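Trainee: One structure is given below, represented as structure tokens, and several questions about it will come after.
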Amino acid sequence: MQKSPLHPFSATIMAWYAEHQRELPWRQTKDPYAIWLSEIILQQTRVAQGLPYFERLISAFPTVRDLAEAPEASLLRLWQGLGYYSRARNLQKAAQMVMRDFKGSFPPTYDEIILLPGIGPYTAAAIASFAFNEAKAVVDGNVYRVLSRVFAVETDIASSSARGVFTSLAQSLIPTHDPATFNQAIMEFGALQCTPAPDCSDCPLRVSCAALSLGRVAELPLKSKKTKVKEIEMNYLVIEQNGQLLVRERTEKGIWKGLWEFYLIKDACDWLPFQRQALKSPPVHLLSHRKIHCDAWHVQVPDNFELEIPEGYGWMSPSEFESKGKPVLLLNLITDNLDCPILQDISPTYL
């Protein structure tokens, strides 16, 4: 069957991609499991940060079955530092669904892939095109930026209609004979060339870019203002007695459910009768809708003092606590205070 002629836009970015693409392990395979794992990691993570996590996770869980059967705590431990822990939990739920409903084989079509937990239109299109060569266009932040500028699309990318508008445009440009390369190319072009602050003088699309000709590169894509960020105050006590730490696993609903932490209080610690030392507090911790201010103290409890243990907390050795998954905020707290001996013993080994 004769190939349909490429749209000039598609031909240009695919030629650019052939010359400028980064060598990444998930681009060297058609294995849908590896591609899926990389896409979930990169949903909220830069490539440079996500690469070592991909390598550790694919090594620990080389197959869908391995991931489906892994203890959640082991997965969260390897995931710590990436944040957005619901991604890890949905990753495992999806693996379990593949084992249960698809007999261990990753579903080969977009319509089936999108049924898996944690997978939306973008991720389903990426897996379907990269692994199975299905002509489904991907639309992420990079794609929004490239298309809005080149074609002067005025749709607010934060609006409910944006995905439909940009997906329809991208779908009209995707070559059916090589959708994988087109999708990789347009995302890579947005990541490396058509960045938020681009060098348009070196752009292969500069002659045909509507935003450049109209002097509107900085304005596009259009995006309405973000929701106001809520500020939160947190106080951690690193309570030590007999070489043990007082810690707990978070069980309440939220992004940190299943992760471990030190003793948490909301008020000041002036009431403490024990020797305490202020620790270096991590910088303000930013989430998508929260700004966390944290203070922390190292509290040394005399070995012979009988301390009443609050509900949900327990004593744990530093080596055991080191093996538990912890929020990024706590990892930063630990690595910023390695002059404190007991924190040296729980320093992350691979972050």
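Chain labels follow the order of the structure tokens: the first chain is A, the next B, and so on; residue numbering restarts at 1 in every chain, and ligands are counted from 1 in their shown order.
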Could you give me, as a PDB file with all heavy atoms, in the first residue's frame, each residue of segment 123-269 of chain A that DSSP assigns to strand (DSSP E) when run on this structure's backbone?
Mentor:
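Heads up, here's the output in out_1.pdb:
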```pdb
ATOM      1  N   LYS A 230      -2.676  26.449  48.731  1.00  0.00           N
ATOM      2  CA  LYS A 230      -2.899  26.520  50.179  1.00  0.00           C
ATOM      3  C   LYS A 230      -1.583  26.290  50.913  1.00  0.00           C
ATOM      4  O   LYS A 230      -0.822  25.391  50.569  1.00  0.00           O
ATOM      5  CB  LYS A 230      -3.922  25.465  50.604  1.00  0.00           C
ATOM      6  CG  LYS A 230      -4.239  25.472  52.090  1.00  0.00           C
ATOM      7  CD  LYS A 230      -5.268  24.407  52.432  1.00  0.00           C
ATOM      8  CE  LYS A 230      -5.579  24.394  53.923  1.00  0.00           C
ATOM      9  NZ  LYS A 230      -6.574  23.346  54.270  1.00  0.00           N
ATOM     10  N   GLU A 231      -1.327  27.094  51.948  1.00  0.00           N
ATOM     11  CA  GLU A 231      -0.093  26.948  52.724  1.00  0.00           C
ATOM     12  C   GLU A 231      -0.355  26.115  53.977  1.00  0.00           C
ATOM     13  O   GLU A 231      -1.372  26.281  54.647  1.00  0.00           O
ATOM     14  CB  GLU A 231       0.474  28.318  53.096  1.00  0.00           C
ATOM     15  CG  GLU A 231       0.829  29.152  51.873  1.00  0.00           C
ATOM     16  CD  GLU A 231       1.836  30.240  52.182  1.00  0.00           C
ATOM     17  OE1 GLU A 231       2.403  30.224  53.289  1.00  0.00           O
ATOM     18  OE2 GLU A 231       2.068  31.088  51.298  1.00  0.00           O
ATOM     19  N   ILE A 232       0.581  25.201  54.287  1.00  0.00           N
ATOM     20  CA  ILE A 232       0.447  24.278  55.409  1.00  0.00           C
ATOM     21  C   ILE A 232       1.692  24.350  56.281  1.00  0.00           C
ATOM     22  O   ILE A 232       2.812  24.422  55.770  1.00  0.00           O
ATOM     23  CB  ILE A 232       0.249  22.831  54.912  1.00  0.00           C
ATOM     24  CG1 ILE A 232      -1.054  22.713  54.112  1.00  0.00           C
ATOM     25  CG2 ILE A 232       0.247  21.840  56.074  1.00  0.00           C
ATOM     26  CD1 ILE A 232      -1.251  21.355  53.488  1.00  0.00           C
ATOM     27  N   GLU A 233       1.498  24.351  57.605  1.00  0.00           N
ATOM     28  CA  GLU A 233       2.619  24.309  58.552  1.00  0.00           C
ATOM     29  C   GLU A 233       2.746  22.892  59.115  1.00  0.00           C
ATOM     30  O   GLU A 233       1.756  22.280  59.510  1.00  0.00           O
ATOM     31  CB  GLU A 233       2.370  25.281  59.706  1.00  0.00           C
ATOM     32  CG  GLU A 233       2.233  26.735  59.288  1.00  0.00           C
ATOM     33  CD  GLU A 233       3.568  27.365  58.921  1.00  0.00           C
ATOM     34  OE1 GLU A 233       4.610  26.797  59.310  1.00  0.00           O
ATOM     35  OE2 GLU A 233       3.558  28.413  58.253  1.00  0.00           O
ATOM     36  N   MET A 234       3.982  22.354  59.135  1.00  0.00           N
ATOM     37  CA  MET A 234       4.224  21.022  59.699  1.00  0.00           C
ATOM     38  C   MET A 234       5.417  21.087  60.637  1.00  0.00           C
ATOM     39  O   MET A 234       6.366  21.836  60.403  1.00  0.00           O
ATOM     40  CB  MET A 234       4.486  20.000  58.590  1.00  0.00           C
ATOM     41  CG  MET A 234       3.320  19.799  57.639  1.00  0.00           C
ATOM     42  SD  MET A 234       3.632  18.544  56.371  1.00  0.00           S
ATOM     43  CE  MET A 234       3.572  17.048  57.353  1.00  0.00           C
ATOM     44  N   ASN A 235       5.368  20.293  61.713  1.00  0.00           N
ATOM     45  CA  ASN A 235       6.461  20.211  62.692  1.00  0.00           C
ATOM     46  C   ASN A 235       6.770  18.746  62.959  1.00  0.00           C
ATOM     47  O   ASN A 235       5.894  17.985  63.374  1.00  0.00           O
ATOM     48  CB  ASN A 235       6.058  20.891  63.999  1.00  0.00           C
ATOM     49  CG  ASN A 235       5.777  22.373  63.816  1.00  0.00           C
ATOM     50  OD1 ASN A 235       6.684  23.175  63.776  1.00  0.00           O
ATOM     51  ND2 ASN A 235       4.501  22.722  63.702  1.00  0.00           N
ATOM     52  N   TYR A 236       8.007  18.357  62.705  1.00  0.00           N
ATOM     53  CA  TYR A 236       8.420  16.974  62.946  1.00  0.00           C
ATOM     54  C   TYR A 236       9.370  16.905  64.140  1.00  0.00           C
ATOM     55  O   TYR A 236      10.270  17.744  64.283  1.00  0.00           O
ATOM     56  CB  TYR A 236       9.133  16.384  61.728  1.00  0.00           C
ATOM     57  CG  TYR A 236       8.197  15.830  60.693  1.00  0.00           C
ATOM     58  CD1 TYR A 236       8.142  16.375  59.415  1.00  0.00           C
ATOM     59  CD2 TYR A 236       7.357  14.754  60.986  1.00  0.00           C
ATOM     60  CE1 TYR A 236       7.278  15.862  58.461  1.00  0.00           C
ATOM     61  CE2 TYR A 236       6.492  14.237  60.036  1.00  0.00           C
ATOM     62  CZ  TYR A 236       6.458  14.792  58.776  1.00  0.00           C
ATOM     63  OH  TYR A 236       5.602  14.286  57.840  1.00  0.00           O
ATOM     64  N   LEU A 237       9.160  15.898  64.978  1.00  0.00           N
ATOM     65  CA  LEU A 237      10.077  15.584  66.067  1.00  0.00           C
ATOM     66  C   LEU A 237      10.765  14.270  65.747  1.00  0.00           C
ATOM     67  O   LEU A 237      10.103  13.241  65.603  1.00  0.00           O
ATOM     68  CB  LEU A 237       9.328  15.455  67.398  1.00  0.00           C
ATOM     69  CG  LEU A 237       8.482  16.653  67.846  1.00  0.00           C
ATOM     70  CD1 LEU A 237       7.890  16.369  69.222  1.00  0.00           C
ATOM     71  CD2 LEU A 237       9.306  17.926  67.880  1.00  0.00           C
ATOM     72  N   VAL A 238      12.073  14.305  65.609  1.00  0.00           N
ATOM     73  CA  VAL A 238      12.842  13.080  65.414  1.00  0.00           C
ATOM     74  C   VAL A 238      13.175  12.565  66.811  1.00  0.00           C
ATOM     75  O   VAL A 238      14.201  12.928  67.408  1.00  0.00           O
ATOM     76  CB  VAL A 238      14.112  13.350  64.591  1.00  0.00           C
ATOM     77  CG1 VAL A 238      14.884  12.060  64.357  1.00  0.00           C
ATOM     78  CG2 VAL A 238      13.755  14.013  63.255  1.00  0.00           C
ATOM     79  N   ILE A 239      12.276  11.762  67.365  1.00  0.00           N
ATOM     80  CA  ILE A 239      12.387  11.304  68.755  1.00  0.00           C
ATOM     81  C   ILE A 239      13.221  10.028  68.808  1.00  0.00           C
ATOM     82  O   ILE A 239      12.900   9.028  68.157  1.00  0.00           O
ATOM     83  CB  ILE A 239      10.994  11.066  69.362  1.00  0.00           C
ATOM     84  CG1 ILE A 239      10.194  12.382  69.346  1.00  0.00           C
ATOM     85  CG2 ILE A 239      11.103  10.517  70.775  1.00  0.00           C
ATOM     86  CD1 ILE A 239       8.781  12.255  69.890  1.00  0.00           C
ATOM     87  N   GLU A 240      14.291  10.084  69.592  1.00  0.00           N
ATOM     88  CA  GLU A 240      15.247   8.969  69.685  1.00  0.00           C
ATOM     89  C   GLU A 240      15.336   8.489  71.121  1.00  0.00           C
ATOM     90  O   GLU A 240      15.420   9.271  72.067  1.00  0.00           O
ATOM     91  CB  GLU A 240      16.617   9.435  69.191  1.00  0.00           C
ATOM     92  CG  GLU A 240      17.716   8.398  69.344  1.00  0.00           C
ATOM     93  CD  GLU A 240      19.091   8.944  69.006  1.00  0.00           C
ATOM     94  OE1 GLU A 240      19.184  10.126  68.601  1.00  0.00           O
ATOM     95  OE2 GLU A 240      20.075   8.191  69.173  1.00  0.00           O
ATOM     96  N   GLN A 241      15.320   7.173  71.298  1.00  0.00           N
ATOM     97  CA  GLN A 241      15.529   6.564  72.616  1.00  0.00           C
ATOM     98  C   GLN A 241      16.141   5.179  72.418  1.00  0.00           C
ATOM     99  O   GLN A 241      15.658   4.385  71.607  1.00  0.00           O
ATOM    100  CB  GLN A 241      14.209   6.433  73.388  1.00  0.00           C
ATOM    101  CG  GLN A 241      14.406   5.930  74.817  1.00  0.00           C
ATOM    102  CD  GLN A 241      13.093   5.811  75.577  1.00  0.00           C
ATOM    103  OE1 GLN A 241      12.092   5.360  75.034  1.00  0.00           O
ATOM    104  NE2 GLN A 241      13.096   6.212  76.841  1.00  0.00           N
ATOM    105  N   GLN A 244      16.618   3.899  68.996  1.00  0.00           N
ATOM    106  CA  GLN A 244      15.430   3.642  68.184  1.00  0.00           C
ATOM    107  C   GLN A 244      14.734   4.970  67.853  1.00  0.00           C
ATOM    108  O   GLN A 244      14.923   5.976  68.548  1.00  0.00           O
ATOM    109  CB  GLN A 244      14.456   2.739  68.945  1.00  0.00           C
ATOM    110  CG  GLN A 244      15.059   1.407  69.373  1.00  0.00           C
ATOM    111  CD  GLN A 244      14.893   0.327  68.310  1.00  0.00           C
ATOM    112  OE1 GLN A 244      13.800  -0.007  67.913  1.00  0.00           O
ATOM    113  NE2 GLN A 244      16.018  -0.198  67.843  1.00  0.00           N
ATOM    114  N   LEU A 245      13.930   4.952  66.820  1.00  0.00           N
ATOM    115  CA  LEU A 245      13.191   6.133  66.392  1.00  0.00           C
ATOM    116  C   LEU A 245      11.691   5.899  66.525  1.00  0.00           C
ATOM    117  O   LEU A 245      11.197   4.808  66.262  1.00  0.00           O
ATOM    118  CB  LEU A 245      13.510   6.457  64.928  1.00  0.00           C
ATOM    119  CG  LEU A 245      14.906   6.990  64.630  1.00  0.00           C
ATOM    120  CD1 LEU A 245      15.210   6.875  63.140  1.00  0.00           C
ATOM    121  CD2 LEU A 245      15.032   8.439  65.089  1.00  0.00           C
ATOM    122  N   LEU A 246      10.981   6.949  66.928  1.00  0.00           N
ATOM    123  CA  LEU A 246       9.526   6.870  67.026  1.00  0.00           C
ATOM    124  C   LEU A 246       8.935   7.291  65.678  1.00  0.00           C
ATOM    125  O   LEU A 246       9.072   8.445  65.266  1.00  0.00           O
ATOM    126  CB  LEU A 246       9.007   7.774  68.147  1.00  0.00           C
ATOM    127  CG  LEU A 246       7.527   7.613  68.503  1.00  0.00           C
ATOM    128  CD1 LEU A 246       7.264   6.219  69.065  1.00  0.00           C
ATOM    129  CD2 LEU A 246       7.092   8.678  69.501  1.00  0.00           C
ATOM    130  N   VAL A 247       8.284   6.359  64.992  1.00  0.00           N
ATOM    131  CA  VAL A 247       7.793   6.614  63.637  1.00  0.00           C
ATOM    132  C   VAL A 247       6.416   5.994  63.452  1.00  0.00           C
ATOM    133  O   VAL A 247       5.939   5.225  64.286  1.00  0.00           O
ATOM    134  CB  VAL A 247       8.758   6.035  62.578  1.00  0.00           C
ATOM    135  CG1 VAL A 247      10.109   6.722  62.637  1.00  0.00           C
ATOM    136  CG2 VAL A 247       8.912   4.525  62.750  1.00  0.00           C
ATOM    137  N   ARG A 248       5.792   6.319  62.337  1.00  0.00           N
ATOM    138  CA  ARG A 248       4.503   5.710  62.000  1.00  0.00           C
ATOM    139  C   ARG A 248       4.343   5.619  60.483  1.00  0.00           C
ATOM    140  O   ARG A 248       4.995   6.335  59.716  1.00  0.00           O
ATOM    141  CB  ARG A 248       3.351   6.537  62.556  1.00  0.00           C
ATOM    142  CG  ARG A 248       3.141   7.870  61.854  1.00  0.00           C
ATOM    143  CD  ARG A 248       1.721   8.385  62.015  1.00  0.00           C
ATOM    144  NE  ARG A 248       1.532   9.657  61.321  1.00  0.00           N
ATOM    145  CZ  ARG A 248       0.340  10.178  61.034  1.00  0.00           C
ATOM    146  NH1 ARG A 248      -0.764   9.551  61.402  1.00  0.00           N
ATOM    147  NH2 ARG A 248       0.244  11.329  60.395  1.00  0.00           N
ATOM    148  N   GLU A 249       3.439   4.727  60.081  1.00  0.00           N
ATOM    149  CA  GLU A 249       3.020   4.649  58.690  1.00  0.00           C
ATOM    150  C   GLU A 249       1.730   5.438  58.542  1.00  0.00           C
ATOM    151  O   GLU A 249       0.785   5.236  59.312  1.00  0.00           O
ATOM    152  CB  GLU A 249       2.788   3.196  58.274  1.00  0.00           C
ATOM    153  CG  GLU A 249       2.356   3.039  56.826  1.00  0.00           C
ATOM    154  CD  GLU A 249       2.090   1.590  56.447  1.00  0.00           C
ATOM    155  OE1 GLU A 249       1.978   0.742  57.357  1.00  0.00           O
ATOM    156  OE2 GLU A 249       1.991   1.308  55.244  1.00  0.00           O
ATOM    157  N   TRP A 260       6.069   6.478  55.420  1.00  0.00           N
ATOM    158  CA  TRP A 260       6.457   6.533  56.834  1.00  0.00           C
ATOM    159  C   TRP A 260       7.000   7.909  57.182  1.00  0.00           C
ATOM    160  O   TRP A 260       7.568   8.608  56.342  1.00  0.00           O
ATOM    161  CB  TRP A 260       7.495   5.458  57.127  1.00  0.00           C
ATOM    162  CG  TRP A 260       6.904   4.075  57.087  1.00  0.00           C
ATOM    163  CD1 TRP A 260       6.531   3.371  55.979  1.00  0.00           C
ATOM    164  CD2 TRP A 260       6.584   3.256  58.210  1.00  0.00           C
ATOM    165  NE1 TRP A 260       6.005   2.157  56.337  1.00  0.00           N
ATOM    166  CE2 TRP A 260       6.032   2.051  57.692  1.00  0.00           C
ATOM    167  CE3 TRP A 260       6.720   3.397  59.587  1.00  0.00           C
ATOM    168  CZ2 TRP A 260       5.607   1.013  58.524  1.00  0.00           C
ATOM    169  CZ3 TRP A 260       6.312   2.364  60.415  1.00  0.00           C
ATOM    170  CH2 TRP A 260       5.753   1.194  59.887  1.00  0.00           C
ATOM    171  N   GLU A 261       6.843   8.270  58.459  1.00  0.00           N
ATOM    172  CA  GLU A 261       7.300   9.587  58.901  1.00  0.00           C
ATOM    173  C   GLU A 261       7.639   9.578  60.384  1.00  0.00           C
ATOM    174  O   GLU A 261       7.286   8.658  61.121  1.00  0.00           O
ATOM    175  CB  GLU A 261       6.225  10.635  58.625  1.00  0.00           C
ATOM    176  CG  GLU A 261       4.950  10.449  59.420  1.00  0.00           C
ATOM    177  CD  GLU A 261       3.879  11.473  59.072  1.00  0.00           C
ATOM    178  OE1 GLU A 261       4.157  12.409  58.294  1.00  0.00           O
ATOM    179  OE2 GLU A 261       2.749  11.344  59.591  1.00  0.00           O
ATOM    180  N   PHE A 262       8.332  10.653  60.828  1.00  0.00           N
ATOM    181  CA  PHE A 262       8.617  10.881  62.235  1.00  0.00           C
ATOM    182  C   PHE A 262       7.358  11.375  62.946  1.00  0.00           C
ATOM    183  O   PHE A 262       6.306  11.544  62.321  1.00  0.00           O
ATOM    184  CB  PHE A 262       9.748  11.906  62.382  1.00  0.00           C
ATOM    185  CG  PHE A 262      11.024  11.529  61.705  1.00  0.00           C
ATOM    186  CD1 PHE A 262      11.574  12.320  60.696  1.00  0.00           C
ATOM    187  CD2 PHE A 262      11.710  10.379  62.083  1.00  0.00           C
ATOM    188  CE1 PHE A 262      12.757  11.981  60.070  1.00  0.00           C
ATOM    189  CE2 PHE A 262      12.903  10.022  61.471  1.00  0.00           C
ATOM    190  CZ  PHE A 262      13.420  10.830  60.457  1.00  0.00           C
ATOM    191  N   TYR A 263       7.511  11.646  64.227  1.00  0.00           N
ATOM    192  CA  TYR A 263       6.371  12.130  65.013  1.00  0.00           C
ATOM    193  C   TYR A 263       5.980  13.524  64.527  1.00  0.00           C
ATOM    194  O   TYR A 263       6.802  14.426  64.438  1.00  0.00           O
ATOM    195  CB  TYR A 263       6.725  12.157  66.499  1.00  0.00           C
ATOM    196  CG  TYR A 263       5.552  12.502  67.381  1.00  0.00           C
ATOM    197  CD1 TYR A 263       4.496  11.616  67.523  1.00  0.00           C
ATOM    198  CD2 TYR A 263       5.497  13.718  68.041  1.00  0.00           C
ATOM    199  CE1 TYR A 263       3.405  11.928  68.323  1.00  0.00           C
ATOM    200  CE2 TYR A 263       4.418  14.047  68.855  1.00  0.00           C
ATOM    201  CZ  TYR A 263       3.372  13.144  68.980  1.00  0.00           C
ATOM    202  OH  TYR A 263       2.293  13.449  69.763  1.00  0.00           O
ATOM    203  N   LEU A 264       4.710  13.699  64.220  1.00  0.00           N
ATOM    204  CA  LEU A 264       4.221  14.935  63.637  1.00  0.00           C
ATOM    205  C   LEU A 264       3.326  15.667  64.632  1.00  0.00           C
ATOM    206  O   LEU A 264       2.418  15.079  65.223  1.00  0.00           O
ATOM    207  CB  LEU A 264       3.414  14.624  62.368  1.00  0.00           C
ATOM    208  CG  LEU A 264       2.772  15.806  61.631  1.00  0.00           C
ATOM    209  CD1 LEU A 264       3.848  16.748  61.093  1.00  0.00           C
ATOM    210  CD2 LEU A 264       1.881  15.300  60.501  1.00  0.00           C
ATOM    211  N   ILE A 265       3.608  16.955  64.832  1.00  0.00           N
ATOM    212  CA  ILE A 265       2.757  17.785  65.690  1.00  0.00           C
ATOM    213  C   ILE A 265       2.384  19.051  64.944  1.00  0.00           C
ATOM    214  O   ILE A 265       3.043  19.437  63.984  1.00  0.00           O
ATOM    215  CB  ILE A 265       3.445  18.150  67.025  1.00  0.00           C
ATOM    216  CG1 ILE A 265       4.749  18.923  66.752  1.00  0.00           C
ATOM    217  CG2 ILE A 265       3.718  16.931  67.866  1.00  0.00           C
ATOM    218  CD1 ILE A 265       5.403  19.460  67.999  1.00  0.00           C
TER     219      ILE A 265
END
```
Trainee: I want to know what sits within 12 Å of Pro341 of chain A, based on only C-alpha atoms, with residues of the same chain fewer than 2 positions away left out; could you give that as a list in words?
Mentor: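 Neighbouring residues, sequence-local ones excluded: Val238, Glu240, Gly243, His298, Gln300, Pro318, Ile334, Thr335, Asn337, Leu338, Asp339, Leu343, Gln344, Asp345, Ile346 and Ser347 of chain A.
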Trainee: For the selection you just gave me, I'd like the residues written to a file as a compact mmCIF listing (two decimals), in the first residue's frame, keeping N, CA, C and O atoms.
Mentor:
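Result saved to result_38.txt:
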```
# COMPACT_ATOMS: atom_id res chain seq x y z
N VAL A 238 12.07 14.30 65.61
CA VAL A 238 12.84 13.08 65.41
C VAL A 238 13.17 12.57 66.81
O VAL A 238 14.20 12.93 67.41
N GLU A 240 14.29 10.08 69.59
CA GLU A 240 15.25 8.97 69.69
C GLU A 240 15.34 8.49 71.12
O GLU A 240 15.42 9.27 72.07
N GLY A 243 18.62 4.27 70.83
CA GLY A 243 19.01 4.02 69.45
C GLY A 243 17.86 3.71 68.51
O GLY A 243 18.09 3.29 67.37
N HIS A 298 15.42 17.39 66.72
CA HIS A 298 15.89 16.09 67.19
C HIS A 298 15.70 16.06 68.70
O HIS A 298 16.22 16.92 69.43
N GLN A 300 16.12 13.88 72.15
CA GLN A 300 16.79 12.73 72.79
C GLN A 300 16.08 12.42 74.10
O GLN A 300 16.11 13.21 75.04
N PRO A 318 16.98 2.45 63.07
CA PRO A 318 17.29 3.28 61.90
C PRO A 318 17.40 2.47 60.62
O PRO A 318 16.95 2.90 59.56
N ILE A 334 16.20 14.56 56.03
CA ILE A 334 17.28 13.65 56.43
C ILE A 334 18.60 14.04 55.79
O ILE A 334 19.63 14.16 56.46
N THR A 335 18.58 14.26 54.47
CA THR A 335 19.83 14.56 53.77
C THR A 335 20.40 15.93 54.14
O THR A 335 21.61 16.16 54.00
N ASN A 337 20.49 17.03 57.17
CA ASN A 337 20.92 16.99 58.58
C ASN A 337 21.78 15.76 58.87
O ASN A 337 21.62 15.10 59.90
N LEU A 338 22.71 15.49 57.96
CA LEU A 338 23.56 14.31 58.14
C LEU A 338 24.60 14.49 59.24
O LEU A 338 25.32 13.55 59.56
N ASP A 339 24.68 15.71 59.81
CA ASP A 339 25.55 15.89 60.96
C ASP A 339 24.91 15.31 62.22
O ASP A 339 25.57 15.19 63.26
N LEU A 343 20.44 10.32 61.98
CA LEU A 343 19.95 10.56 60.63
C LEU A 343 20.94 10.06 59.59
O LEU A 343 20.56 9.72 58.47
N GLN A 344 22.22 9.99 59.95
CA GLN A 344 23.20 9.39 59.05
C GLN A 344 22.85 7.94 58.75
O GLN A 344 23.05 7.45 57.65
N ASP A 345 22.29 7.26 59.76
CA ASP A 345 21.97 5.84 59.62
C ASP A 345 20.75 5.59 58.74
O ASP A 345 20.49 4.46 58.33
N ILE A 346 19.95 6.64 58.45
CA ILE A 346 18.78 6.43 57.60
C ILE A 346 18.87 7.28 56.34
O ILE A 346 17.88 7.54 55.68
N SER A 347 20.08 7.71 56.01
CA SER A 347 20.27 8.50 54.80
C SER A 347 19.92 7.67 53.59
O SER A 347 20.32 6.51 53.48
```
Trainee: Grab the atom CA of Arg65 of chain A to atom CA of Phe102 of chain A distance for me, in Å with one decimal place.
Mentor: 11.7 Å
Trainee: Rank nothing, just name the residue among A:Lys324, A:Asp101, A:Gln184, A:Ser201 nearest to Glu23 of chain A, using only C-alpha atoms.
Mentor: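 Smallest distance to Glu23 of chain A is found for A:Gln184.
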Trainee: Using only C-alpha atoms, which residues sit within 8 Å of segment 103-119 of chain A once same-chain residues fewer than 5 positions away are excluded, as a PyMOL selection string?
Mentor: chain A and resi 32-33+64-65+87+90-91+93-94+97-98+124-125+127-128+132+134+136
Trainee: Quick one, how far is atom CA of Glu188 of chain A from atom CA of Tyr17 of chain A?
Mentor: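 It comes out at 7.2 Å.
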Trainee: Pick out the closest residue to Arg216 of chain A from this set: A:Lys228, A:Arg149, A:Arg100, A:Lys280. Count only C-alpha atoms.
Mentor: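 With only C-alpha atoms as the atom set, the closest residue is A:Arg149.
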Trainee: Just the residues within 9 Å of segment 144-147 of chain A, please, counting only C-alpha atoms, with nothing from its chain fewer than 6 positions along; format it as a PyMOL selection string.
Mentor: chain A and resi 153+157+162-163+166+169-170+186-187+189-190+194-196+220-221
Trainee: Pick out the closest residue to Gly254 of chain A from this set: A:Ile35, A:Pro327, A:Gly120, A:Leu24. Count only C-alpha atoms.
Mentor: A:Pro327
Trainee: What separation in Å, quoted to one decimal, exists between atom CA of Cys203 of chain A and atom CA of Ile174 of chain A?
Mentor: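 Rounded to one decimal, the two atoms are 20.3 Å apart.
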Trainee: Between A:Gly141, A:Val150, A:Trp36, A:Ser323, which one has atoms that come closest to Ala95 of chain A, using only C-alpha atoms?
Mentor: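 Of A:Gly141, A:Val150, A:Trp36, A:Ser323, the one nearest Ala95 of chain A, counting only C-alpha atoms, is A:Trp36.
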Trainee: From a DSSP pass on the backbone, collect the residues of segment 33-181 of chain A flagged as alpha helix (DSSP H) and hand them back as a PyMOL selection string.
Mentor: chain A and resi 33-41+47-60+64-69+72-79+86-101+110-113+121-132+141-150+162-173+179-181
Trainee: I'd like the contact shell of Ile13 of chain A - 9 Å cut-off, only C-alpha atoms, skipping same-chain residues fewer than 2 positions apart - returned as a PyMOL selection string.
Mentor: chain A and resi 8-11+15-18+182+185-186+189+204-205
